[in-house]
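**Student:** File input22.cif follows (mmCIF, C-alpha atoms):
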data_structure
#
loop_
_atom_site.label_atom_id
_atom_site.label_comp_id
_atom_site.auth_asym_id
_atom_site.auth_seq_id
_atom_site.Cartn_x
_atom_site.Cartn_y
_atom_site.Cartn_z
CA MET A 1 0.00 0.00 0.00
CA ALA A 2 1.45 3.35 -1.03
CA ARG A 3 1.76 5.88 1.76
CA PRO A 4 -0.14 9.01 0.73
CA SER A 5 1.50 12.35 1.17
CA ASN A 6 -1.16 13.77 3.46
CA ARG A 7 0.82 14.49 6.59
CA ALA A 8 -0.26 18.10 6.39
CA SER A 9 -3.73 17.14 7.57
CA LYS A 10 -3.88 19.97 10.10
CA ARG A 11 -4.76 22.40 7.36
CA ILE A 12 -7.58 20.37 5.86
CA PRO A 13 -10.93 21.76 7.00
CA ASP A 14 -13.13 19.43 9.02
CA ASN A 15 -15.98 19.68 6.56
CA VAL A 16 -13.71 18.40 3.78
CA ILE A 17 -12.81 15.42 5.94
CA GLU A 18 -16.50 14.85 6.63
CA ARG A 19 -17.18 14.60 2.91
CA LEU A 20 -14.37 12.16 2.06
CA PRO A 21 -16.22 9.06 3.37
CA LYS A 22 -19.19 10.02 1.19
CA TYR A 23 -16.93 10.20 -1.85
CA LEU A 24 -15.56 6.79 -1.00
CA ARG A 25 -19.04 5.33 -0.50
CA ALA A 26 -20.14 6.62 -3.91
CA LEU A 27 -16.99 5.36 -5.64
CA ILE A 28 -17.40 1.88 -4.17
CA ARG A 29 -20.90 1.77 -5.63
CA MET A 30 -19.62 2.96 -9.00
CA GLU A 31 -16.95 0.30 -9.01
CA GLU A 32 -19.56 -2.34 -8.19
CA ALA A 33 -21.51 -1.05 -11.19
CA SER A 34 -18.39 -1.57 -13.35
CA LYS A 35 -17.92 2.14 -13.94
CA GLU A 36 -14.31 2.87 -14.88
CA SER A 37 -14.18 6.64 -14.86
CA VAL A 38 -16.29 9.43 -13.43
CA SER A 39 -16.41 13.17 -14.04
CA SER A 40 -16.58 15.64 -11.16
CA LYS A 41 -20.02 16.48 -12.55
CA SER A 42 -21.43 12.95 -12.23
CA LEU A 43 -19.71 12.37 -8.88
CA GLY A 44 -21.29 15.65 -7.79
CA ASP A 45 -24.70 14.59 -9.06
CA ALA A 46 -24.47 11.37 -7.06
CA LEU A 47 -23.68 13.29 -3.88
CA ASN A 48 -25.59 16.56 -4.26
CA TYR A 49 -22.36 18.56 -4.41
CA SER A 50 -21.20 20.91 -7.15
CA PRO A 51 -18.39 19.69 -9.45
CA ALA A 52 -16.30 22.67 -8.26
CA GLN A 53 -16.72 21.53 -4.66
CA ILE A 54 -15.49 18.07 -5.51
CA ARG A 55 -12.45 19.31 -7.42
CA LYS A 56 -11.60 21.66 -4.56
CA ASP A 57 -11.97 18.98 -1.87
CA LEU A 58 -9.84 16.45 -3.72
CA SER A 59 -7.18 19.02 -4.52
CA TYR A 60 -6.16 18.96 -0.83
CA PHE A 61 -4.75 15.51 -1.42
CA GLY A 62 -2.83 15.99 -4.63
CA ARG A 63 -3.69 15.56 -8.27
CA PHE A 64 -6.38 13.10 -9.21
CA GLY A 65 -7.95 12.67 -12.60
CA LYS A 66 -7.00 13.96 -15.98
CA ARG A 67 -8.35 17.03 -17.68
CA GLY A 68 -11.35 16.14 -19.80
CA ARG A 69 -11.26 12.46 -18.83
CA GLY A 70 -12.47 12.58 -15.26
CA TYR A 71 -11.29 10.39 -12.40
CA GLU A 72 -10.41 6.73 -12.63
CA VAL A 73 -12.91 5.17 -10.24
CA LYS A 74 -10.72 2.36 -8.92
CA LYS A 75 -7.64 4.52 -8.50
CA LEU A 76 -9.49 7.34 -6.72
CA LYS A 77 -11.27 4.83 -4.49
CA GLU A 78 -7.98 3.21 -3.46
CA ARG A 79 -6.41 6.60 -2.86
CA LEU A 80 -9.31 7.74 -0.68
CA LYS A 81 -9.22 4.51 1.30
CA SER A 82 -5.55 5.10 1.92
CA ILE A 83 -6.11 8.73 2.91
CA LEU A 84 -8.85 7.68 5.32
CA GLY A 85 -6.62 5.09 6.95
CA LEU A 86 -8.55 2.16 5.55
CA GLY A 87 -6.30 0.55 2.91
CA ASP A 88 -5.88 -3.14 3.56
CA ARG A 89 -5.88 -2.86 7.29
CA GLN A 90 -8.63 -3.71 9.73
CA TRP A 91 -9.60 -1.61 12.72
CA ASN A 92 -10.45 -3.45 15.92
CA MET A 93 -13.29 -2.17 18.05
CA ALA A 94 -14.52 -2.80 21.59
CA LEU A 95 -18.22 -2.54 22.42
CA VAL A 96 -19.17 -1.32 25.89
CA GLY A 97 -22.75 -2.07 26.88
CA VAL A 98 -24.43 -5.24 25.67
CA GLY A 99 -28.08 -4.37 26.25
CA LYS A 100 -30.65 -4.24 23.49
CA LEU A 101 -28.83 -1.44 21.64
CA GLY A 102 -25.43 -3.10 22.03
CA ARG A 103 -26.81 -6.33 20.58
CA ALA A 104 -28.25 -4.48 17.60
CA ILE A 105 -24.82 -2.90 17.02
CA LEU A 106 -23.17 -6.32 17.18
CA GLY A 107 -25.62 -7.48 14.55
CA TYR A 108 -24.86 -4.60 12.17
CA GLY A 109 -23.25 -6.39 9.26
CA ARG A 110 -21.65 -3.39 7.53
CA PHE A 111 -18.97 -2.83 10.17
CA ALA A 112 -17.14 -6.03 9.26
CA THR A 113 -17.47 -5.61 5.50
CA GLN A 114 -15.99 -2.10 5.76
CA GLY A 115 -12.95 -3.16 7.75
CA PHE A 116 -14.23 -2.50 11.28
CA ARG A 117 -14.43 -5.55 13.51
CA ILE A 118 -15.91 -5.73 17.02
CA VAL A 119 -13.44 -8.02 18.74
CA ALA A 120 -14.51 -7.59 22.37
CA ALA A 121 -17.68 -6.73 24.30
CA PHE A 122 -17.98 -5.46 27.85
CA ASP A 123 -20.76 -4.89 30.35
CA ARG A 124 -20.81 -3.93 34.00
CA ASP A 125 -23.78 -6.18 34.72
CA PRO A 126 -22.36 -9.30 36.44
CA THR A 127 -25.28 -11.40 35.18
CA LEU A 128 -24.16 -10.71 31.58
CA VAL A 129 -20.43 -11.26 32.07
CA SER A 130 -19.20 -14.61 30.66
CA LYS A 131 -22.35 -14.98 28.54
CA LYS A 132 -21.86 -15.51 24.82
CA VAL A 133 -23.19 -13.01 22.30
CA GLY A 134 -22.55 -14.17 18.76
CA SER A 135 -18.93 -15.29 18.69
CA LEU A 136 -17.90 -13.06 21.61
CA THR A 137 -17.89 -13.68 25.33
CA ILE A 138 -19.06 -10.66 27.33
CA GLN A 139 -16.26 -9.45 29.59
CA ASP A 140 -16.19 -7.55 32.86
CA MET A 141 -15.30 -3.85 32.72
CA GLY A 142 -12.26 -4.62 34.88
CA GLU A 143 -10.70 -6.36 31.88
CA LEU A 144 -11.19 -3.37 29.56
CA ALA A 145 -7.72 -1.81 29.63
CA GLU A 146 -5.83 -5.08 29.34
CA THR A 147 -8.02 -6.38 26.51
CA ILE A 148 -7.68 -3.12 24.57
CA ARG A 149 -3.92 -3.46 24.79
CA ASN A 150 -3.70 -7.16 24.04
CA ARG A 151 -6.19 -7.20 21.18
CA GLU A 152 -4.81 -3.98 19.65
CA ILE A 153 -8.20 -2.29 19.83
CA GLN A 154 -8.24 1.26 18.45
CA ILE A 155 -11.92 2.21 18.55
CA GLY A 156 -14.51 2.11 21.33
CA ILE A 157 -18.27 1.87 20.83
CA VAL A 158 -20.35 3.22 23.71
CA ALA A 159 -23.83 1.71 24.04
CA VAL A 160 -24.50 2.28 27.73
CA PRO A 161 -27.26 4.51 29.20
CA ALA A 162 -26.52 8.25 29.17
CA SER A 163 -25.92 8.28 32.93
CA GLN A 164 -22.97 5.88 32.58
CA ALA A 165 -21.50 7.21 29.37
CA GLN A 166 -19.09 9.83 30.73
CA GLU A 167 -17.43 7.28 32.99
CA VAL A 168 -17.12 4.75 30.16
CA ILE A 169 -15.57 7.39 27.87
CA ALA A 170 -12.99 8.13 30.56
CA GLN A 171 -12.18 4.45 30.95
CA LEU A 172 -11.73 4.04 27.20
CA GLU A 173 -9.58 7.14 27.01
CA ASN A 174 -7.41 6.00 29.90
CA ALA A 175 -6.92 2.70 28.13
CA GLY A 176 -5.47 4.55 25.14
CA ILE A 177 -8.50 4.67 22.84
CA LYS A 178 -8.43 7.61 20.41
CA ALA A 179 -11.75 7.21 18.59
CA ILE A 180 -15.16 6.64 20.12
CA LEU A 181 -18.48 6.00 18.42
CA ASN A 182 -21.03 7.13 20.99
CA TYR A 183 -24.57 5.74 20.86
CA ALA A 184 -25.50 7.06 24.32
CA PRO A 185 -27.90 9.99 23.95
CA ILE A 186 -25.62 12.58 25.52
CA THR A 187 -22.91 14.93 24.27
CA LEU A 188 -19.62 13.98 25.88
CA ALA A 189 -16.29 15.71 26.11
CA PRO A 190 -13.07 13.71 25.99
CA GLN A 191 -10.41 14.63 28.53
CA ARG A 192 -7.95 15.32 25.70
CA PRO A 193 -10.00 16.71 22.81
CA GLU A 194 -6.88 17.26 20.69
CA GLU A 195 -6.13 13.55 20.70
CA VAL A 196 -9.45 11.81 21.15
CA LYS A 197 -12.36 12.05 18.72
CA ILE A 198 -15.96 11.25 19.63
CA GLN A 199 -18.69 10.83 17.04
CA ASP A 200 -22.31 10.73 18.22
CA VAL A 201 -24.84 8.43 16.62
CA ASP A 202 -28.34 9.56 17.55
CA PRO A 203 -31.09 9.28 14.93
CA ILE A 204 -33.40 11.27 17.21
CA LEU A 205 -31.29 14.40 16.64
CA GLN A 206 -31.65 13.89 12.91
CA LEU A 207 -35.41 13.38 13.14
CA GLN A 208 -35.76 16.55 15.18
CA MET A 209 -33.95 18.61 12.55
CA MET A 210 -36.46 17.36 10.02
CA THR A 211 -39.48 18.01 12.22
CA PHE A 212 -38.22 21.57 12.55
CA PHE A 213 -38.35 21.95 8.78
CA MET A 214 -41.73 20.27 8.51
CA LYS A 215 -43.19 22.43 11.22
CA ASN A 216 -41.95 25.55 9.51
CA GLN A 217 -43.22 24.54 6.09
CA GLY A 218 -46.75 24.67 7.47
CA GLU A 219 -48.28 22.58 10.21
CA PRO A 220 -48.86 19.01 9.04
CA LYS A 221 -52.32 17.56 9.60
CA LYS A 222 -52.92 16.50 13.18
CA MET B 1 -49.44 24.53 23.38
CA ALA B 2 -48.33 28.07 22.58
CA ARG B 3 -47.42 28.68 18.97
CA PRO B 4 -43.87 30.00 18.81
CA SER B 5 -43.12 33.00 16.66
CA ASN B 6 -40.57 31.30 14.48
CA ARG B 7 -42.16 31.49 11.08
CA ALA B 8 -39.11 33.31 9.76
CA SER B 9 -37.18 30.05 9.73
CA LYS B 10 -35.74 30.68 6.28
CA ARG B 11 -33.12 32.96 7.75
CA ILE B 12 -31.95 30.60 10.45
CA PRO B 13 -28.67 28.96 9.40
CA ASP B 14 -28.74 25.18 9.04
CA ASN B 15 -25.97 24.72 11.56
CA VAL B 16 -28.06 26.51 14.20
CA ILE B 17 -30.93 24.15 13.49
CA GLU B 18 -28.54 21.21 13.75
CA ARG B 19 -27.55 22.30 17.24
CA LEU B 20 -31.07 22.80 18.61
CA PRO B 21 -31.75 19.06 19.15
CA LYS B 22 -28.51 18.86 21.13
CA TYR B 23 -29.64 21.72 23.35
CA LEU B 24 -32.92 19.92 23.90
CA ARG B 25 -31.20 16.64 24.69
CA ALA B 26 -28.98 18.34 27.29
CA LEU B 27 -31.92 20.21 28.85
CA ILE B 28 -33.96 17.01 29.18
CA ARG B 29 -31.09 15.46 31.09
CA MET B 30 -30.77 18.53 33.31
CA GLU B 31 -34.47 18.42 34.07
CA GLU B 32 -34.20 14.74 34.96
CA ALA B 33 -31.40 15.72 37.33
CA SER B 34 -33.79 18.25 38.96
CA LYS B 35 -31.79 21.22 37.75
CA GLU B 36 -33.99 24.32 37.65
CA SER B 37 -31.80 26.85 35.92
CA VAL B 38 -28.69 26.76 33.78
CA SER B 39 -26.24 29.41 32.65
CA SER B 40 -25.07 29.64 29.06
CA LYS B 41 -21.66 28.71 30.45
CA SER B 42 -22.76 25.40 31.97
CA LEU B 43 -25.01 24.57 29.01
CA GLY B 44 -21.97 25.28 26.84
CA ASP B 45 -19.75 23.07 29.00
CA ALA B 46 -22.22 20.21 28.63
CA LEU B 47 -22.18 20.53 24.85
CA ASN B 48 -18.65 21.67 24.04
CA TYR B 49 -19.93 25.03 22.76
CA SER B 50 -18.95 28.49 23.92
CA PRO B 51 -21.47 30.43 26.03
CA ALA B 52 -21.49 33.11 23.31
CA GLN B 53 -22.44 30.50 20.71
CA ILE B 54 -25.36 29.37 22.81
CA ARG B 55 -26.65 32.89 23.42
CA LYS B 56 -26.36 33.66 19.72
CA ASP B 57 -28.13 30.48 18.62
CA LEU B 58 -31.01 30.95 21.02
CA SER B 59 -31.37 34.62 20.14
CA TYR B 60 -32.82 33.55 16.76
CA PHE B 61 -35.92 32.40 18.57
CA GLY B 62 -36.56 35.33 20.86
CA ARG B 63 -35.54 36.15 24.39
CA PHE B 64 -34.82 33.33 26.76
CA GLY B 65 -33.29 33.59 30.18
CA LYS B 66 -32.67 36.53 32.42
CA ARG B 67 -29.46 38.47 32.76
CA GLY B 68 -27.34 36.96 35.50
CA ARG B 69 -29.84 34.23 36.32
CA GLY B 70 -29.44 31.97 33.32
CA TYR B 71 -32.15 29.98 31.61
CA GLU B 72 -35.03 28.22 33.31
CA VAL B 73 -34.43 24.61 32.31
CA LYS B 74 -38.06 23.52 32.04
CA LYS B 75 -39.20 26.62 30.19
CA LEU B 76 -36.35 26.55 27.68
CA LYS B 77 -36.86 22.83 27.14
CA GLU B 78 -40.58 23.31 26.42
CA ARG B 79 -39.83 26.20 24.12
CA LEU B 80 -37.24 24.23 22.15
CA LYS B 81 -39.60 21.28 21.86
CA SER B 82 -42.20 23.60 20.45
CA ILE B 83 -39.70 25.21 18.04
CA LEU B 84 -38.62 21.78 16.83
CA GLY B 85 -42.20 20.71 16.21
CA LEU B 86 -42.26 18.23 19.06
CA GLY B 87 -44.53 19.73 21.72
CA ASP B 88 -47.26 17.31 22.74
CA ARG B 89 -47.68 15.80 19.34
CA GLN B 90 -46.47 12.48 18.03
CA TRP B 91 -44.92 11.91 14.63
CA ASN B 92 -45.92 8.77 12.79
CA MET B 93 -43.28 6.91 10.81
CA ALA B 94 -43.30 4.17 8.19
CA LEU B 95 -40.42 1.70 7.96
CA VAL B 96 -39.50 0.37 4.52
CA GLY B 97 -37.34 -2.74 4.58
CA VAL B 98 -37.77 -5.30 7.34
CA GLY B 99 -34.52 -7.22 7.06
CA LYS B 100 -31.98 -7.45 9.86
CA LEU B 101 -31.38 -3.69 9.91
CA GLY B 102 -35.10 -2.88 9.76
CA ARG B 103 -35.77 -5.17 12.70
CA ALA B 104 -33.03 -3.49 14.73
CA ILE B 105 -34.63 -0.12 13.96
CA LEU B 106 -38.02 -1.43 15.07
CA GLY B 107 -36.39 -2.49 18.32
CA TYR B 108 -34.82 0.93 18.99
CA GLY B 109 -36.68 2.05 22.08
CA ARG B 110 -35.81 5.75 21.98
CA PHE B 111 -37.99 6.55 18.96
CA ALA B 112 -41.20 5.98 20.91
CA THR B 113 -40.07 7.76 24.06
CA GLN B 114 -39.12 10.83 22.02
CA GLY B 115 -42.45 11.09 20.23
CA PHE B 116 -41.63 9.16 17.05
CA ARG B 117 -43.71 6.06 16.49
CA ILE B 118 -43.26 3.46 13.75
CA VAL B 119 -46.87 2.68 12.86
CA ALA B 120 -46.36 0.70 9.65
CA ALA B 121 -43.69 -1.55 8.10
CA PHE B 122 -43.28 -2.49 4.45
CA ASP B 123 -41.19 -4.94 2.48
CA ARG B 124 -41.17 -5.99 -1.14
CA ASP B 125 -40.35 -9.58 -0.27
CA PRO B 126 -43.64 -11.53 -0.61
CA THR B 127 -42.44 -14.12 1.92
CA LEU B 128 -42.30 -11.37 4.59
CA VAL B 129 -45.62 -9.67 3.78
CA SER B 130 -48.37 -10.46 6.31
CA LYS B 131 -45.82 -11.67 8.86
CA LYS B 132 -45.90 -10.06 12.28
CA VAL B 133 -42.93 -8.10 13.59
CA GLY B 134 -43.55 -6.88 17.11
CA SER B 135 -47.03 -5.38 17.08
CA LEU B 136 -46.94 -4.59 13.34
CA THR B 137 -47.94 -6.68 10.35
CA ILE B 138 -45.53 -6.30 7.44
CA GLN B 139 -47.33 -4.83 4.44
CA ASP B 140 -46.77 -5.02 0.71
CA MET B 141 -45.18 -1.98 -0.97
CA GLY B 142 -48.36 -1.62 -3.02
CA GLU B 143 -50.13 -0.45 0.12
CA LEU B 144 -47.55 2.24 0.90
CA ALA B 145 -49.29 5.34 -0.45
CA GLU B 146 -52.71 4.49 0.97
CA THR B 147 -51.33 3.58 4.39
CA ILE B 148 -49.30 6.78 4.58
CA ARG B 149 -52.46 8.76 3.91
CA ASN B 150 -54.75 6.79 6.20
CA ARG B 151 -52.38 6.55 9.15
CA GLU B 152 -51.23 10.17 8.80
CA ILE B 153 -47.60 9.14 8.47
CA GLN B 154 -45.18 12.06 8.08
CA ILE B 155 -41.76 10.38 8.18
CA GLY B 156 -40.28 7.49 6.21
CA ILE B 157 -37.42 5.28 7.38
CA VAL B 158 -35.47 3.59 4.59
CA ALA B 159 -33.74 0.34 5.56
CA VAL B 160 -33.47 -1.36 2.17
CA PRO B 161 -30.24 -2.24 0.33
CA ALA B 162 -28.53 0.66 -1.44
CA SER B 163 -29.59 -0.63 -4.85
CA GLN B 164 -33.29 -0.25 -3.96
CA ALA B 165 -33.09 2.96 -1.98
CA GLN B 166 -33.57 5.53 -4.75
CA GLU B 167 -36.80 3.86 -5.86
CA VAL B 168 -38.10 3.67 -2.30
CA ILE B 169 -37.32 7.35 -1.73
CA ALA B 170 -39.31 8.21 -4.87
CA GLN B 171 -42.25 6.12 -3.68
CA LEU B 172 -42.23 7.81 -0.27
CA GLU B 173 -41.96 11.24 -1.85
CA ASN B 174 -44.82 10.51 -4.25
CA ALA B 175 -46.92 9.44 -1.28
CA GLY B 176 -46.41 12.88 0.28
CA ILE B 177 -43.62 12.15 2.75
CA LYS B 178 -41.48 15.22 3.53
CA ALA B 179 -38.86 13.74 5.86
CA ILE B 180 -36.81 10.61 5.35
CA LEU B 181 -34.35 8.92 7.68
CA ASN B 182 -32.11 6.96 5.33
CA TYR B 183 -30.19 3.94 6.66
CA ALA B 184 -29.24 2.70 3.18
CA PRO B 185 -25.52 3.32 2.59
CA ILE B 186 -25.98 5.69 -0.33
CA THR B 187 -26.44 9.44 -0.74
CA LEU B 188 -29.84 10.11 -2.28
CA ALA B 189 -31.40 13.17 -3.80
CA PRO B 190 -35.09 13.86 -3.33
CA GLN B 191 -37.01 14.94 -6.42
CA ARG B 192 -38.02 18.16 -4.66
CA PRO B 193 -35.11 19.12 -2.39
CA GLU B 194 -36.84 22.33 -1.28
CA GLU B 195 -39.70 20.36 0.24
CA VAL B 196 -38.25 17.00 1.17
CA LYS B 197 -35.45 16.47 3.68
CA ILE B 198 -33.31 13.36 3.83
CA GLN B 199 -31.01 12.56 6.76
CA ASP B 200 -28.47 9.77 6.36
CA VAL B 201 -27.63 7.44 9.22
CA ASP B 202 -24.38 5.63 8.49
CA PRO B 203 -21.98 4.96 11.35
CA ILE B 204 -19.35 3.82 8.83
CA LEU B 205 -19.01 7.40 7.58
CA GLN B 206 -18.41 8.54 11.15
CA LEU B 207 -15.85 5.81 11.80
CA GLN B 208 -14.00 6.76 8.64
CA MET B 209 -13.69 10.39 9.72
CA MET B 210 -12.09 9.17 12.93
CA THR B 211 -9.71 6.77 11.20
CA PHE B 212 -8.58 9.72 9.11
CA PHE B 213 -7.62 11.58 12.27
CA MET B 214 -5.98 8.55 13.82
CA LYS B 215 -3.96 7.86 10.70
CA ASN B 216 -2.75 11.42 10.60
CA GLN B 217 -1.81 11.51 14.26
CA GLY B 218 0.79 8.83 13.56
CA GLU B 219 0.24 5.30 12.36
CA PRO B 220 -1.26 3.13 15.09
CA LYS B 221 0.48 -0.13 15.84
CA LYS B 222 -0.31 -2.85 13.30
#
Re-express the file's structure as structure tokens.
**Tutor:**
Amino acid sequence: MARPSNRASKRIPDNVIERLPKYLRALIRMEEASKESVSSKSLGDALNYSPAQIRKDLSYFGRFGKRGRGYEVKKLKERLKSILGLGDRQWNMALVGVGKLGRAILGYGRFATQGFRIVAAFDRDPTLVSKKVGSLTIQDMGELAETIRNREIQIGIVAVPASQAQEVIAQLENAGIKAILNYAPITLAPQRPEEVKIQDVDPILQLQMMTFFMKNQGEPKK
Amino acid sequence: MARPSNRASKRIPDNVIERLPKYLRALIRMEEASKESVSSKSLGDALNYSPAQIRKDLSYFGRFGKRGRGYEVKKLKERLKSILGLGDRQWNMALVGVGKLGRAILGYGRFATQGFRIVAAFDRDPTLVSKKVGSLTIQDMGELAETIRNREIQIGIVAVPASQAQEVIAQLENAGIKAILNYAPITLAPQRPEEVKIQDVDPILQLQMMTFFMKNQGEPKK
């Protein structure tokens, strides 16, 4: 795998980085559809971005594509995967909280196909510890730090109730975790925000943005 | 329920609207913790925003809070709920796609507690139609438009494979749906973007943003 020359990531705006996974997702679909090249116009159409936006975003990472011929789908896809730290590698994840939500997360098939594997699951409920869930054995929270080290886990998934989430984040952070996918319905601050990233998954927030728009387009029928 | 004076929503920036559900989520937790008032500083601390940001955002919706005394938690919470179109009402949702992912969505308890109820479920697979899933009977896609009308459904949830998602979005839109929560891993454009909002839920995109940061902080151990 070629090492991309993107060490200067400090200067890349966050909203560019937010769009890169969407580019990758679209390119993977194009490759599946046997598309060999794509113009910034048709990539833009697929993503609701302007062609200029796409050219500008990709220019942060060097020269892609050839004038008048567009981007080579496979090559751009591989390059984006490399930029995003995906390449051939796999990221190991630890799930904390194996209630109903945690079990649904364990059952989410796309993690594994996209290179993210849940390799350990933890719960503080002693009646759950040692139980099997899929191919994993639920572990006690006391084993968190050691397991993260031994299994080379880089990402934590938080699926505990909101009231426990801050403590779990701290435990993950203290165990060296730098990336946390937070399903608890609460905004959490890492102790070291420069080093540790938290992404919230909460479909309720997304629904509420849409109800705002619906409400303000005229009251829907009661 | 008092009608808020926020008809001028056109001028409110999208990123303000994106933050409002987070304010609400934090205020609900504060109310549960029996907190009666909150300063913009402590609301900001809970959400990783500056106090100035919070005062500015809320100023779009009129005057909240009193100088030096902060915001009344319950009052601000009720006001935000009303602004977001939540109030006392319930929003009815239709789920399209009752595979593994669709079933996990049906099992997600927070929808109902936050005023969002899945009242109908559809699948194009004839072997699933008429089967029960929880309290719902899976319906044929041919019944989509009529059910949306009869059950006063305002929101669609898409949980079909990416290859079917664009068609499902079109069917929902044609049936009058204005808000779509899209779990299919593909960016989709509504036919009428001014009227119809789509929010994507894809934790893979969020993981990939974090792997970008991890990669660029120095290669993690292989």
**Student:** What does the structure give for the distance between CA of Met141 (chain B) and CA of Gly85 (chain B), in Å to one decimal?
**Tutor:** 28.6 Å
**Student:** How many Å separate CA of Pro203 (chain B) from CA of Pro51 (chain A)?
**Tutor:**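 Going from CA of Pro203 (chain B) over to CA of Pro51 (chain A) covers 25.7 Å.
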**Student:** Select residues of chain B: the criterion is any atom within 7 Å of an atom of chain A, counting only C-alpha atoms; output as a PyMOL selection string.
**Tutor:** chain B and resi 7+9+17-18+21-22+25-26+46-48+83-85+101+104+108+111+179+186-187+189+197+199+201+203-206+208-212+215-216
**Student:** What's the separation between CA of Phe64 (chain A) and CA of Ala184 (chain B), in Å to one decimal place?
**Tutor:**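 Distance reported for this atom pair: 28.0 Å.
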**Student:** To verify the selection step, state as a PDB file with C-alpha atoms, in the coordinates of the input which residues the PyMOL selection byres ((chain B and resi 128-135) around 12) yields on this input.
**Tutor:**
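File produced: selection17.pdb:
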ATOM      1  CA  LEU B  95     -40.420   1.700   7.960  1.00  0.00           C
ATOM      2  CA  VAL B  96     -39.500   0.370   4.520  1.00  0.00           C
ATOM      3  CA  GLY B  97     -37.340  -2.740   4.580  1.00  0.00           C
ATOM      4  CA  VAL B  98     -37.770  -5.300   7.340  1.00  0.00           C
ATOM      5  CA  GLY B  99     -34.520  -7.220   7.060  1.00  0.00           C
ATOM      6  CA  LYS B 100     -31.980  -7.450   9.860  1.00  0.00           C
ATOM      7  CA  GLY B 102     -35.100  -2.880   9.760  1.00  0.00           C
ATOM      8  CA  ARG B 103     -35.770  -5.170  12.700  1.00  0.00           C
ATOM      9  CA  ALA B 104     -33.030  -3.490  14.730  1.00  0.00           C
ATOM     10  CA  ILE B 105     -34.630  -0.120  13.960  1.00  0.00           C
ATOM     11  CA  LEU B 106     -38.020  -1.430  15.070  1.00  0.00           C
ATOM     12  CA  GLY B 107     -36.390  -2.490  18.320  1.00  0.00           C
ATOM     13  CA  TYR B 108     -34.820   0.930  18.990  1.00  0.00           C
ATOM     14  CA  ARG B 117     -43.710   6.060  16.490  1.00  0.00           C
ATOM     15  CA  ILE B 118     -43.260   3.460  13.750  1.00  0.00           C
ATOM     16  CA  VAL B 119     -46.870   2.680  12.860  1.00  0.00           C
ATOM     17  CA  ALA B 120     -46.360   0.700   9.650  1.00  0.00           C
ATOM     18  CA  ALA B 121     -43.690  -1.550   8.100  1.00  0.00           C
ATOM     19  CA  PHE B 122     -43.280  -2.490   4.450  1.00  0.00           C
ATOM     20  CA  ASP B 123     -41.190  -4.940   2.480  1.00  0.00           C
ATOM     21  CA  ARG B 124     -41.170  -5.990  -1.140  1.00  0.00           C
ATOM     22  CA  ASP B 125     -40.350  -9.580  -0.270  1.00  0.00           C
ATOM     23  CA  PRO B 126     -43.640 -11.530  -0.610  1.00  0.00           C
ATOM     24  CA  THR B 127     -42.440 -14.120   1.920  1.00  0.00           C
ATOM     25  CA  LEU B 136     -46.940  -4.590  13.340  1.00  0.00           C
ATOM     26  CA  THR B 137     -47.940  -6.680  10.350  1.00  0.00           C
ATOM     27  CA  ILE B 138     -45.530  -6.300   7.440  1.00  0.00           C
ATOM     28  CA  GLN B 139     -47.330  -4.830   4.440  1.00  0.00           C
ATOM     29  CA  ASP B 140     -46.770  -5.020   0.710  1.00  0.00           C
ATOM     30  CA  MET B 141     -45.180  -1.980  -0.970  1.00  0.00           C
ATOM     31  CA  GLY B 142     -48.360  -1.620  -3.020  1.00  0.00           C
ATOM     32  CA  GLU B 143     -50.130  -0.450   0.120  1.00  0.00           C
TER      33      GLU B 143
END
**Student:** Using all atoms listed in the file - which residues lie no farther than 12 Å from the point (-30.7, 20.8, 35.6) in the file's frame? Write them as an mmCIF file with C-alpha atoms, in the frame of the given file.
**Tutor:**
data_model
loop_
_atom_site.group_PDB
_atom_site.id
_atom_site.type_symbol
_atom_site.label_atom_id
_atom_site.label_comp_id
_atom_site.auth_asym_id
_atom_site.auth_seq_id
_atom_site.Cartn_x
_atom_site.Cartn_y
_atom_site.Cartn_z
ATOM 1 C CA LEU B 24 -32.920 19.920 23.900
ATOM 2 C CA ARG B 25 -31.200 16.640 24.690
ATOM 3 C CA ALA B 26 -28.980 18.340 27.290
ATOM 4 C CA LEU B 27 -31.920 20.210 28.850
ATOM 5 C CA ILE B 28 -33.960 17.010 29.180
ATOM 6 C CA ARG B 29 -31.090 15.460 31.090
ATOM 7 C CA MET B 30 -30.770 18.530 33.310
ATOM 8 C CA GLU B 31 -34.470 18.420 34.070
ATOM 9 C CA GLU B 32 -34.200 14.740 34.960
ATOM 10 C CA ALA B 33 -31.400 15.720 37.330
ATOM 11 C CA SER B 34 -33.790 18.250 38.960
ATOM 12 C CA LYS B 35 -31.790 21.220 37.750
ATOM 13 C CA GLU B 36 -33.990 24.320 37.650
ATOM 14 C CA SER B 37 -31.800 26.850 35.920
ATOM 15 C CA VAL B 38 -28.690 26.760 33.780
ATOM 16 C CA SER B 39 -26.240 29.410 32.650
ATOM 17 C CA SER B 42 -22.760 25.400 31.970
ATOM 18 C CA LEU B 43 -25.010 24.570 29.010
ATOM 19 C CA ALA B 46 -22.220 20.210 28.630
ATOM 20 C CA GLY B 70 -29.440 31.970 33.320
ATOM 21 C CA TYR B 71 -32.150 29.980 31.610
ATOM 22 C CA GLU B 72 -35.030 28.220 33.310
ATOM 23 C CA VAL B 73 -34.430 24.610 32.310
ATOM 24 C CA LYS B 74 -38.060 23.520 32.040
ATOM 25 C CA LYS B 75 -39.200 26.620 30.190
ATOM 26 C CA LEU B 76 -36.350 26.550 27.680
ATOM 27 C CA LYS B 77 -36.860 22.830 27.140
#
**Student:** Got a sec to write region 177-181 of chain A of the block to a file, C-alpha atoms, as a compact mmCIF listing (two decimals), in the first residue's frame?
**Tutor:**
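After the write, decode_14.txt holds the following:
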# COMPACT_ATOMS: atom_id res chain seq x y z
CA ILE A 177 -8.50 4.67 22.84
CA LYS A 178 -8.43 7.61 20.41
CA ALA A 179 -11.75 7.21 18.59
CA ILE A 180 -15.16 6.64 20.12
CA LEU A 181 -18.48 6.00 18.42
